[in-house]
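Source file: final-v4.txt. Holds: compact mmCIF, C-alpha atoms.
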# COMPACT_ATOMS: atom_id res chain seq x y z
CA MET A 19 -48.43 71.48 -61.13
CA SER A 20 -48.10 67.74 -61.60
CA GLU A 21 -44.66 66.27 -61.94
CA VAL A 22 -44.72 65.90 -65.73
CA ILE A 23 -47.06 67.57 -68.19
CA LYS A 24 -46.95 66.84 -71.92
CA GLY A 25 -49.20 68.32 -74.54
CA ILE A 26 -49.99 70.00 -77.84
CA ARG A 27 -50.78 73.67 -78.28
CA THR A 28 -52.36 74.52 -81.63
CA GLN A 29 -52.59 78.00 -83.08
CA ASN A 30 -54.61 78.99 -86.14
CA GLY A 31 -55.06 75.34 -86.98
CA VAL A 32 -51.34 74.57 -86.89
CA ALA A 33 -49.55 72.62 -84.17
CA LYS A 34 -47.20 75.20 -82.66
CA TYR A 35 -45.97 74.05 -79.29
CA ASP A 36 -45.08 70.55 -78.10
CA TYR A 37 -43.93 70.66 -74.55
CA GLU A 38 -42.82 68.68 -71.55
CA SER A 39 -42.46 70.61 -68.32
CA LEU A 40 -41.18 69.33 -64.98
CA ALA A 41 -42.60 70.42 -61.67
CA ASN A 42 -39.53 72.44 -60.73
CA ASN A 43 -39.72 74.27 -64.08
CA THR A 44 -36.11 73.40 -64.89
CA HIS A 45 -36.63 71.79 -68.27
CA PHE A 46 -38.74 72.20 -71.39
CA LYS A 47 -38.31 70.11 -74.49
CA LYS A 48 -39.94 68.63 -77.57
CA ALA A 49 -42.46 65.92 -76.82
CA ASN A 50 -43.53 64.17 -80.03
CA LEU A 51 -47.24 64.84 -79.75
CA ALA A 52 -48.02 67.23 -82.62
CA CYS A 53 -50.44 66.12 -85.30
CA ASN A 54 -51.57 66.81 -88.83
CA VAL A 55 -55.06 68.30 -88.82
CA THR A 56 -57.15 67.96 -91.98
CA VAL A 57 -60.19 70.15 -92.55
CA GLY A 58 -63.28 68.40 -93.90
CA LYS A 59 -62.53 65.14 -92.08
CA GLY A 60 -63.83 63.60 -88.88
CA ILE A 61 -63.52 60.39 -86.85
CA SER A 62 -66.25 57.79 -87.38
CA ASN A 63 -68.04 56.96 -84.12
CA SER A 64 -68.37 53.29 -85.02
CA THR A 65 -65.05 52.46 -86.73
CA GLY A 66 -62.57 55.14 -85.67
CA ASN A 67 -61.74 55.71 -89.34
CA VAL A 68 -61.09 59.16 -90.76
CA ILE A 69 -64.09 59.97 -92.97
CA ASP A 70 -65.41 62.94 -94.93
CA LEU A 71 -67.23 65.36 -92.62
CA THR A 72 -67.29 68.81 -94.18
CA SER A 73 -67.78 70.78 -90.96
CA TRP A 74 -65.12 68.93 -88.95
CA SER A 75 -61.32 68.78 -88.70
CA ALA A 76 -59.53 65.54 -87.82
CA THR A 77 -56.07 64.18 -87.10
CA GLU A 78 -55.35 61.80 -89.94
CA ASP A 79 -52.27 60.39 -88.23
CA MET A 80 -52.30 58.32 -85.04
CA ARG A 81 -50.31 59.75 -82.17
CA PRO A 82 -48.74 57.60 -79.42
CA VAL A 83 -50.28 57.37 -75.98
CA ASN A 84 -49.81 55.14 -72.93
CA GLY A 85 -52.71 53.09 -71.61
CA ALA A 86 -54.18 53.76 -68.15
CA THR A 87 -52.80 57.31 -68.03
CA THR A 88 -54.84 60.48 -67.69
CA MET A 89 -55.58 62.59 -70.76
CA ILE A 90 -57.20 66.00 -70.51
CA CYS A 91 -58.85 67.95 -73.33
CA SER A 92 -59.21 71.60 -72.39
CA LEU A 93 -60.81 74.68 -73.91
CA ILE A 94 -59.01 77.98 -73.46
CA ASN A 95 -59.87 81.61 -74.12
CA THR A 96 -62.87 80.93 -76.34
CA SER A 97 -66.04 82.93 -76.60
CA GLN A 98 -67.40 80.95 -79.56
CA ALA A 99 -67.85 77.69 -77.69
CA PRO A 100 -68.49 77.64 -73.94
CA ASN A 101 -67.90 73.91 -73.64
CA LEU A 102 -66.70 70.85 -75.54
CA ASN A 103 -70.18 69.27 -75.62
CA SER A 104 -70.59 67.15 -78.79
CA ARG A 105 -68.00 69.16 -80.70
CA PHE A 106 -65.04 66.95 -79.83
CA THR A 107 -64.27 63.26 -80.45
CA LEU A 108 -61.34 61.32 -79.02
CA ALA A 109 -60.60 57.86 -80.45
CA PHE A 110 -58.17 55.23 -79.18
CA TYR A 111 -56.41 52.37 -81.03
CA ASN A 112 -54.28 49.38 -80.05
CA SER A 113 -50.65 48.72 -81.07
CA ASN A 114 -51.82 47.27 -84.41
CA GLY A 115 -53.83 50.38 -85.21
CA ASN A 116 -57.14 48.65 -84.55
CA PHE A 117 -59.95 50.83 -83.21
CA ILE A 118 -60.85 50.38 -79.52
CA ILE A 119 -63.29 53.11 -78.50
CA ASN A 120 -64.51 56.65 -79.06
CA MET A 121 -65.02 58.99 -76.13
CA LYS A 122 -67.16 62.13 -76.31
CA PRO A 123 -67.38 64.74 -73.54
CA GLY A 124 -70.56 66.14 -72.16
CA SER A 125 -71.12 69.84 -71.54
CA VAL A 126 -67.74 70.54 -69.99
CA LYS A 127 -64.86 72.90 -70.58
CA ASN A 128 -62.26 70.38 -69.43
CA TYR A 129 -62.72 66.74 -70.33
CA GLU A 130 -60.64 64.26 -68.34
CA VAL A 131 -60.41 60.62 -69.44
CA THR A 132 -58.40 57.59 -68.47
CA VAL A 133 -56.71 56.18 -71.55
CA PRO A 134 -58.08 52.64 -72.05
CA ASN A 135 -55.84 49.71 -71.20
CA GLY A 136 -54.29 48.40 -74.39
CA ALA A 137 -54.41 51.73 -76.15
CA SER A 138 -51.23 52.73 -77.99
CA TYR A 139 -52.49 55.54 -80.25
CA TYR A 140 -55.16 58.23 -80.38
CA ARG A 141 -56.80 60.55 -82.89
CA PHE A 142 -59.16 63.44 -82.31
CA SER A 143 -61.68 65.30 -84.43
CA ILE A 144 -63.30 68.63 -83.75
CA LEU A 145 -66.27 70.59 -85.08
CA ASN A 146 -65.03 73.59 -87.06
CA THR A 147 -67.07 75.98 -84.90
CA LEU A 148 -64.67 75.12 -82.09
CA PRO A 149 -61.40 76.91 -82.91
CA LEU A 150 -58.33 74.70 -82.96
CA SER A 151 -56.41 77.58 -81.46
CA ASP A 152 -58.47 77.12 -78.30
CA ILE A 153 -57.73 73.43 -77.73
CA VAL A 154 -55.04 71.98 -75.47
CA LEU A 155 -54.41 68.24 -75.12
CA SER A 156 -52.39 67.35 -72.06
CA PHE A 157 -51.22 64.21 -70.30
CA GLY A 158 -51.04 64.14 -66.54
CA ASN A 159 -53.51 65.11 -63.87
CA GLU A 160 -53.67 68.88 -64.20
CA ILE A 161 -56.21 70.88 -66.20
CA PHE A 162 -54.96 73.69 -68.43
CA ASP A 163 -57.28 76.70 -68.63
CA TYR A 164 -54.68 78.57 -70.67
CA TYR A 165 -51.20 78.03 -72.02
CA VAL A 166 -48.32 80.29 -71.08
CA PRO A 167 -44.95 79.33 -72.58
CA PRO A 168 -42.25 79.19 -69.90
CA THR A 169 -39.76 82.03 -70.01
CA HIS A 170 -36.49 80.34 -69.09
CA PHE A 171 -33.74 80.19 -71.70
CA ASP A 172 -34.28 76.75 -73.25
CA CYS A 173 -38.03 77.09 -73.84
CA LYS A 174 -38.16 77.11 -77.63
CA PRO A 175 -40.84 75.21 -79.57
CA TYR A 176 -38.76 72.56 -81.36
CA THR A 177 -41.04 72.15 -84.35
CA ASN A 178 -38.91 73.67 -87.11
CA TYR A 179 -38.27 70.24 -88.67
CA MET A 180 -42.01 69.70 -89.25
CA ASN A 181 -44.13 70.45 -92.32
CA LYS A 182 -41.18 69.77 -94.63
CA LYS A 183 -41.27 68.16 -98.07
CA ILE A 184 -39.21 64.96 -98.01
CA LEU A 185 -37.70 62.82 -100.78
CA TYR A 186 -36.62 59.27 -99.90
CA LEU A 187 -34.24 57.38 -102.22
CA GLY A 188 -33.05 53.86 -101.47
CA ASP A 189 -33.53 50.12 -101.76
CA SER A 190 -36.17 47.60 -100.65
CA ILE A 191 -35.77 48.47 -96.97
CA THR A 192 -36.88 52.00 -97.83
CA TYR A 193 -39.42 50.85 -100.44
CA LEU A 194 -41.31 49.11 -97.61
CA GLY A 195 -42.47 52.64 -96.79
CA VAL A 196 -44.71 52.31 -99.86
CA THR A 197 -45.91 48.73 -99.49
CA GLY A 198 -45.06 47.53 -96.00
CA GLY A 199 -47.18 49.61 -93.62
CA ASN A 200 -45.55 49.51 -90.19
CA ARG A 201 -42.63 47.55 -91.69
CA GLY A 202 -41.69 50.66 -93.64
CA TRP A 203 -39.23 52.82 -91.70
CA PRO A 204 -40.18 56.01 -93.62
CA ASN A 205 -43.65 55.71 -92.07
CA TRP A 206 -42.19 55.78 -88.56
CA CYS A 207 -39.86 58.59 -89.60
CA ASN A 208 -42.81 60.59 -90.94
CA GLY A 209 -44.66 60.01 -87.69
CA ILE A 210 -42.04 62.11 -85.93
CA LEU A 211 -41.10 64.63 -88.64
CA GLN A 212 -44.73 65.22 -89.70
CA PRO A 213 -43.88 66.24 -93.28
CA TYR A 214 -46.11 68.43 -95.42
CA ASN A 215 -45.71 65.75 -98.08
CA TYR A 216 -43.20 63.06 -99.00
CA TYR A 217 -42.18 61.02 -102.06
CA ILE A 218 -40.47 57.60 -102.03
CA SER A 219 -38.52 56.72 -105.18
CA ALA A 220 -36.83 53.64 -103.67
CA VAL A 221 -36.75 50.36 -105.61
CA ASN A 222 -36.23 46.78 -104.46
CA GLY A 223 -32.64 45.67 -105.07
CA ALA A 224 -31.30 49.15 -105.79
CA THR A 225 -27.59 49.92 -105.39
CA TRP A 226 -25.87 53.22 -104.73
CA ARG A 227 -23.34 52.70 -107.50
CA ASP A 228 -23.74 52.37 -111.24
CA LYS A 229 -22.73 49.11 -112.87
CA GLU A 230 -21.12 48.37 -116.21
CA GLY A 231 -23.65 49.36 -118.88
CA THR A 232 -25.95 51.39 -116.59
CA VAL A 233 -28.21 53.78 -118.50
CA TYR A 234 -30.33 56.42 -116.78
CA ASP A 235 -33.65 55.79 -118.50
CA GLY A 236 -35.75 57.15 -115.63
CA ASN A 237 -37.33 53.74 -115.08
CA PRO A 238 -35.41 51.91 -112.34
CA GLN A 239 -36.83 48.45 -111.78
CA GLU A 240 -35.88 45.37 -109.79
CA SER A 241 -36.15 43.33 -112.98
CA ASN A 242 -33.32 45.32 -114.60
CA PRO A 243 -30.41 45.24 -112.11
CA THR A 244 -28.06 47.09 -114.47
CA ASN A 245 -30.17 50.27 -114.35
CA ASN A 246 -31.46 49.78 -110.80
CA CYS A 247 -29.38 52.36 -108.97
CA ILE A 248 -29.65 55.67 -107.13
CA GLY A 249 -28.65 57.66 -110.21
CA ASN A 250 -31.61 56.27 -112.15
CA GLN A 251 -33.97 57.00 -109.25
CA ILE A 252 -32.75 60.57 -109.48
CA GLN A 253 -33.46 60.56 -113.21
CA LYS A 254 -36.98 59.33 -112.52
CA VAL A 255 -37.57 62.20 -110.09
CA LEU A 256 -36.10 64.77 -112.49
CA ASN A 257 -38.28 63.48 -115.31
CA ALA A 258 -41.37 63.76 -113.11
CA LYS A 259 -40.38 67.28 -112.10
CA ALA A 260 -39.96 68.27 -115.76
CA ASN A 261 -43.43 66.83 -116.44
CA ASP A 262 -44.90 69.07 -113.71
CA ASP A 263 -45.69 66.24 -111.29
CA PRO A 264 -46.84 68.23 -108.22
CA ASP A 265 -45.39 65.65 -105.81
CA VAL A 266 -41.78 66.36 -106.81
CA GLN A 267 -41.68 70.09 -107.51
CA ASP A 268 -39.84 70.97 -104.31
CA PHE A 269 -38.11 69.22 -101.43
CA ASP A 270 -36.69 70.48 -98.13
CA ILE A 271 -35.13 67.18 -97.02
CA ILE A 272 -33.56 64.53 -99.25
CA ILE A 273 -32.67 61.18 -97.62
CA PHE A 274 -30.53 58.45 -99.18
CA ALA A 275 -30.74 55.00 -97.58
CA ALA A 276 -28.99 52.32 -99.61
CA GLY A 277 -25.72 50.40 -99.81
CA THR A 278 -26.51 46.90 -98.61
CA ASN A 279 -27.08 45.74 -102.21
CA ASP A 280 -23.72 47.14 -103.32
CA ILE A 281 -21.94 44.38 -101.42
CA PRO A 282 -22.52 41.72 -104.12
CA TYR A 283 -21.54 44.18 -106.89
CA GLY A 284 -17.85 44.96 -107.20
CA ASN A 285 -15.18 46.31 -104.88
CA ILE A 286 -16.21 47.60 -101.45
CA ASP A 287 -12.69 47.99 -100.10
CA SER A 288 -11.08 51.39 -99.68
CA GLU A 289 -11.42 53.77 -102.60
CA ASN A 290 -9.75 57.11 -103.28
CA VAL A 291 -12.50 59.58 -102.43
CA ASN A 292 -10.50 62.61 -103.54
CA ALA A 293 -9.98 61.10 -106.99
CA GLN A 294 -13.66 61.75 -107.72
CA PHE A 295 -13.14 65.45 -107.05
CA TYR A 296 -9.53 66.42 -107.86
CA ASP A 297 -6.91 65.49 -110.42
CA ASN A 298 -3.21 65.01 -109.70
CA ASN A 299 -2.75 68.79 -109.73
CA ASN A 300 -5.49 69.27 -107.14
CA LEU A 301 -7.78 70.86 -109.72
CA LEU A 302 -11.48 70.06 -109.48
CA ILE A 303 -12.46 67.59 -112.17
CA PRO A 304 -15.74 68.02 -114.11
CA LEU A 305 -18.72 66.17 -112.68
CA THR A 306 -18.93 64.18 -115.90
CA ASP A 307 -15.48 62.72 -115.13
CA ALA A 308 -16.49 61.39 -111.71
CA ASP A 309 -16.72 57.60 -111.72
CA ARG A 310 -20.27 56.76 -110.70
CA LYS A 311 -19.25 53.14 -110.14
CA THR A 312 -17.62 54.39 -106.93
CA PHE A 313 -19.44 55.56 -103.82
CA ALA A 314 -17.76 58.97 -103.87
CA GLY A 315 -18.43 59.44 -107.57
CA ILE A 316 -22.13 58.60 -107.44
CA MET A 317 -22.62 60.57 -104.23
CA ARG A 318 -20.99 63.62 -105.83
CA TYR A 319 -23.26 63.20 -108.85
CA ALA A 320 -26.36 62.71 -106.66
CA ILE A 321 -25.77 65.76 -104.47
CA GLU A 322 -24.70 68.15 -107.22
CA THR A 323 -27.54 67.08 -109.51
CA LEU A 324 -30.29 67.25 -106.91
CA ALA A 325 -28.92 70.45 -105.36
CA ALA A 326 -29.29 72.11 -108.76
CA ALA A 327 -32.92 70.95 -108.98
CA TYR A 328 -33.75 71.55 -105.29
CA PRO A 329 -31.43 74.33 -104.07
CA ASN A 330 -33.06 74.63 -100.64
CA ALA A 331 -32.81 70.92 -99.75
CA ILE A 332 -30.74 69.51 -96.89
CA PHE A 333 -29.16 66.12 -97.68
CA PHE A 334 -28.91 63.13 -95.34
CA VAL A 335 -27.03 59.91 -96.17
CA CYS A 336 -27.83 56.82 -94.06
CA SER A 337 -25.51 53.88 -93.52
CA PRO A 338 -26.87 50.34 -94.07
CA ILE A 339 -28.31 48.48 -91.10
CA GLN A 340 -26.81 45.30 -89.67
CA ALA A 341 -28.02 41.97 -91.05
CA ALA A 342 -27.75 38.25 -90.39
CA GLU A 343 -24.11 37.27 -90.80
CA THR A 344 -24.90 34.76 -93.56
CA VAL A 345 -26.78 37.47 -95.51
CA ARG A 346 -24.40 40.43 -95.16
CA THR A 347 -21.30 40.04 -93.02
CA LEU A 348 -20.63 42.67 -90.39
CA ASP A 349 -17.22 43.32 -91.93
CA ASN A 350 -18.68 44.08 -95.37
CA ILE A 351 -21.42 46.31 -93.97
CA LYS A 352 -18.79 48.27 -92.03
CA LYS A 353 -16.77 48.73 -95.23
CA VAL A 354 -19.76 50.25 -97.04
CA ARG A 355 -20.56 52.35 -93.97
CA LYS A 356 -17.04 53.81 -93.96
CA LEU A 357 -17.03 54.54 -97.70
CA LEU A 358 -20.38 56.35 -97.45
CA HIS A 359 -19.20 58.30 -94.42
CA ASP A 360 -15.94 59.32 -96.12
CA ALA A 361 -17.79 60.48 -99.23
CA ALA A 362 -20.38 62.40 -97.18
CA ASP A 363 -17.56 64.07 -95.23
CA ARG A 364 -15.86 65.12 -98.47
CA ILE A 365 -19.05 66.87 -99.63
CA SER A 366 -19.92 68.06 -96.09
CA ILE A 367 -23.44 66.66 -95.96
CA GLN A 368 -25.21 65.02 -93.03
CA PHE A 369 -24.30 61.37 -92.35
CA ILE A 370 -26.76 59.30 -90.29
CA ASP A 371 -25.18 56.16 -88.87
CA THR A 372 -28.27 53.96 -88.99
CA PHE A 373 -25.90 51.03 -88.40
CA GLU A 374 -26.25 52.02 -84.72
CA CYS A 375 -30.08 52.15 -84.65
CA GLY A 376 -30.33 49.06 -82.42
CA ILE A 377 -30.73 46.30 -85.00
CA THR A 378 -28.07 43.71 -84.21
CA GLY A 379 -27.02 41.06 -86.71
CA VAL A 380 -26.28 38.41 -84.09
CA TYR A 381 -30.02 38.16 -83.33
CA GLU A 382 -31.04 37.68 -86.96
CA VAL A 383 -31.28 34.56 -89.16
CA SER A 384 -31.28 34.20 -92.93
CA MET A 385 -34.78 33.59 -94.34
CA GLN A 386 -36.31 33.41 -90.86
CA GLU A 387 -37.80 35.91 -88.44
CA GLY A 388 -35.33 37.17 -85.90
CA ARG A 389 -35.62 39.90 -83.31
CA ASP A 390 -36.04 42.82 -85.72
CA LEU A 391 -35.68 41.41 -89.25
CA LYS A 392 -38.11 39.21 -91.17
CA ASP A 393 -35.53 37.32 -93.24
CA GLY A 394 -32.15 38.43 -91.95
CA LEU A 395 -32.22 41.64 -94.03
CA HIS A 396 -35.63 43.35 -94.23
CA PRO A 397 -37.20 44.80 -91.09
CA LEU A 398 -40.16 43.62 -89.12
CA GLU A 399 -42.26 46.33 -87.49
CA SER A 400 -39.89 46.49 -84.53
CA GLY A 401 -36.90 46.95 -86.82
CA ALA A 402 -38.63 49.57 -88.96
CA LYS A 403 -39.53 51.51 -85.84
CA LYS A 404 -35.90 51.48 -84.69
CA ILE A 405 -34.69 52.69 -88.10
CA GLY A 406 -37.39 55.32 -88.52
CA ASN A 407 -37.15 56.73 -85.03
CA TYR A 408 -33.35 56.80 -85.14
CA ASN A 409 -33.20 58.57 -88.51
CA ALA A 410 -36.00 61.00 -87.64
CA ASN A 411 -34.38 62.02 -84.38
CA LYS A 412 -31.07 62.65 -86.13
CA ILE A 413 -32.84 64.86 -88.66
CA ALA A 414 -34.85 66.65 -85.97
CA ASN A 415 -31.66 67.24 -84.00
CA TYR A 416 -30.03 68.82 -87.06
CA TYR A 417 -32.86 71.36 -87.29
CA ASN A 418 -33.00 71.92 -83.55
CA MET A 419 -29.29 72.75 -83.53
CA LYS A 420 -30.01 75.43 -86.12
CA LEU A 421 -32.32 77.35 -83.76

What is this file in structure tokens?
Amino acid sequence: MSEVIKGIRTQNGVAKYDYESLANNTHFKKANLACNVTVGKGISNSTGNVIDLTSWSATEDMRPVNGATTMICSLINTSQAPNLNSRFTLAFYNSNGNFIINMKPGSVKNYEVTVPNGASYYRFSILNTLPLSDIVLSFGNEIFDYYVPPTHFDCKPYTNYMNKKILYLGDSITYLGVTGGNRGWPNWCNGILQPYNYYISAVNGATWRDKEGTVYDGNPQESNPTNNCIGNQIQKVLNAKANDDPDVQDFDIIIFAAGTNDIPYGNIDSENVNAQFYDNNNLLIPLTDADRKTFAGIMRYAIETLAAAYPNAIFFVCSPIQAAETVRTLDNIKKVRKLLHDAADRISIQFIDTFECGITGVYEVSMQEGRDLKDGLHPLESGAKKIGNYNANKIANYYNMKL
């Protein structure tokens, strides 16, 4: 066995096992290599695009790969197809997602290729007559004729965070997941979590807290700052659910990522978290009495309201990222971070400290490109990747700890 083997094992068309095994068989863990397979799609030989091919199945997402390494496509335990032949296509792409080359095996059972220099991602497509359950993709220099899960105690397939339905609520940094391509951290997050589907209700300029005169009209917009808040995003989702919008009927994971825009609006110093839950006699106050112009009040409203609509959802609250000092001071960001953390603790929901994702304000400049931010506040691709990977791994770890 080579020193490190990584790969995907699919079963009945579903990615089941992602594994990384060391030569001494002492460790087995999740390697983020699983992929979404879509029936009726294939990879174009000339462009590398995913196109309609009724008798094929294709990976619509691009999976990471390192150039100049060995990649092996193997058939196992199949009587329907004695070799890969022209039934399998492997496409490679550069770091910008641009197509490099397609590679097709000849009449072989195990197809070994050297990943092209400059390749950062791959996709594959497969003729439907070749069962997905009989395909193994591995990285290293050893061919797999069959897959036998190791038997030692920590050999569990850590995929129970995948195929979830995710709702993202937040501000412009999250909204880039809709418009910003690789600058949208939800896209990097989805690349790891591999959701069944996701919905982004984020709006540019959104705050966590209500403002004086806020009305939940279900139409949060940047042009109306008074109503542009998390509570109104929730109203938009609830309205869509009531109107039978299939994209919002159920969620497993609900992620809040906002707070940086609260800094210009009102007090961000210490607030009495308990006052949004209990009166002076330590009796629980009605939800309608919670002050949604406070972080604790709006968070209580958000969680209780969405939990009623989506009772199986797990909630995650993210702290704001660092920014250029002249855009958002470190001190103010830390104040919001603490208030969000205190409120999340009071409700006992998951707090993700995205503040620590690796974006550092000292390397950023207002209205100019810095190391990870385009303008001192909104991420470049490198920043979005740091946010998305950090948040996704925190979420994945939560599910892995539940095994």

At a cut-off of 10 Å, using all atoms listed in the file, what residues contact segment 326-331 of chain A? Leave out same-chain residues fewer than 3 positions from it and give the result as a ChimeraX atom specification. /A:182-185,255-256,259,266-273,321-323,334

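With all atoms listed in the file as the basis for measurement, A:Asn290 is the residue among A:Asn407, A:Asn290, A:Thr192, A:Thr344 that approaches Leu357 of chain A most closely.
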
Pick out the closest residue to Ile61 of chain A from this set: A:Val131, A:Ile405, A:Ala325, A:Leu145. Count all atoms listed in the file.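 The shortest atom-to-atom distance to Ile61 of chain A comes from A:Leu145.
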
Within 7 Å of Ala402 of chain A, counting only C-alpha atoms, which residues show up once you throw out same-chain ones fewer than 4 positions away? Write them as a list in words, please.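 The contact residues come out as Arg201, Gly202, Trp203, Pro397, Leu398 and Gly406 of chain A.
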
What's the 12 Å shell around Asn250 of chain A, counting all atoms listed in the file, without same-chain residues fewer than 5 positions away, as a ChimeraX atom specification? /A:187-188,219-221,224-229,232-240,242-245,255-257,310,316,319-320,323

File of the preceding selection, C-alpha atoms, as a tab-separated table (two decimals), keeping the file's coordinate frame:
chain	number	residue	atom	x	y	z
A	187	LEU	CA	-34.24	57.38	-102.22
A	188	GLY	CA	-33.05	53.86	-101.47
A	219	SER	CA	-38.52	56.72	-105.18
A	220	ALA	CA	-36.83	53.64	-103.67
A	221	VAL	CA	-36.75	50.36	-105.61
A	224	ALA	CA	-31.30	49.15	-105.79
A	225	THR	CA	-27.59	49.92	-105.39
A	226	TRP	CA	-25.87	53.22	-104.73
A	227	ARG	CA	-23.34	52.70	-107.50
A	228	ASP	CA	-23.74	52.37	-111.24
A	229	LYS	CA	-22.73	49.11	-112.87
A	232	THR	CA	-25.95	51.39	-116.59
A	233	VAL	CA	-28.21	53.78	-118.50
A	234	TYR	CA	-30.33	56.42	-116.78
A	235	ASP	CA	-33.65	55.79	-118.50
A	236	GLY	CA	-35.75	57.15	-115.63
A	237	ASN	CA	-37.33	53.74	-115.08
A	238	PRO	CA	-35.41	51.91	-112.34
A	239	GLN	CA	-36.83	48.45	-111.78
A	240	GLU	CA	-35.88	45.37	-109.79
A	242	ASN	CA	-33.32	45.32	-114.60
A	243	PRO	CA	-30.41	45.24	-112.11
A	244	THR	CA	-28.06	47.09	-114.47
A	245	ASN	CA	-30.17	50.27	-114.35
A	255	VAL	CA	-37.57	62.20	-110.09
A	256	LEU	CA	-36.10	64.77	-112.49
A	257	ASN	CA	-38.28	63.48	-115.31
A	310	ARG	CA	-20.27	56.76	-110.70
A	316	ILE	CA	-22.13	58.60	-107.44
A	319	TYR	CA	-23.26	63.20	-108.85
A	320	ALA	CA	-26.36	62.71	-106.66
A	323	THR	CA	-27.54	67.08	-109.51

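All protein and nucleic acid residues in the vicinity of (-70.3, 66.9, -92.4), that is within 9 Å when counting all atoms listed in the file, are Gly58, Lys59, Gly60, Asp70, Leu71, Thr72, Ser73 and Trp74 of chain A.
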
Put a box with edges along x, y and z around all the listed atoms of segment 268-281 of chain A, pad it by 6 Å on each side, then give me its centre and sizes in Å, one decimal, as JSON.
{"center_x": -30.9, "center_y": 57.7, "center_z": -100.7, "size_x": 29.9, "size_y": 38.6, "size_z": 19.3}

Using all atoms listed in the file, which residues sit within 10 Å of Gly66 of chain A once same-chain residues fewer than 4 positions away are excluded, as a PyMOL selection string? chain A and resi 60-62+107-111+115-120+140-142

For atom CA of Cys247 of chain A and atom CA of Lys311 of chain A, quote the distance in Å rounded to one decimal. 10.2 Å

So how many Å separate atom CA of Asn415 of chain A and atom CA of Lys403 of chain A, to one decimal?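 These atoms are spaced 17.7 Å apart.
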
Residue among A:Asn200, A:Thr372, A:Asp189, A:Ile303 lying closest to Gln251 of chain A, counting all atoms listed in the file: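 Checking each of A:Asn200, A:Thr372, A:Asp189, A:Ile303 against Gln251 of chain A, counting all atoms listed in the file, the winner is A:Asp189.
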
Go through A:Ala410, A:Gln294, A:Ser190, A:Tyr283 and flag the residue nearest Pro213 of chain A, using all atoms listed in the file for the distances. A:Ala410

Nearest to Leu194 of chain A, chosen from A:Thr347, A:Gly223, A:Val383, A:Tyr408, with all atoms listed in the file counted in the distances: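 When distances to Leu194 of chain A are compared using all atoms listed in the file, the smallest one comes from A:Gly223.
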
Nearest to Asn222 of chain A: which of A:Ile248, A:Met419, A:Cys207, A:Ala362 is it, counting all atoms listed in the file?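 Of A:Ile248, A:Met419, A:Cys207, A:Ala362, the one nearest Asn222 of chain A is A:Ile248, counting all atoms listed in the file.
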
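We find atom CA of Phe274 of chain A and atom CA of Tyr186 of chain A to be spaced 6.2 Å apart.
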
Need the shell around Met385 of chain A: protein/DNA/RNA residues with any atom at most 9 Å away, counting only C-alpha atoms. Skip same-chain ones fewer than 6 positions apart. Format as a PyMOL selection string? chain A and resi 345+392-395
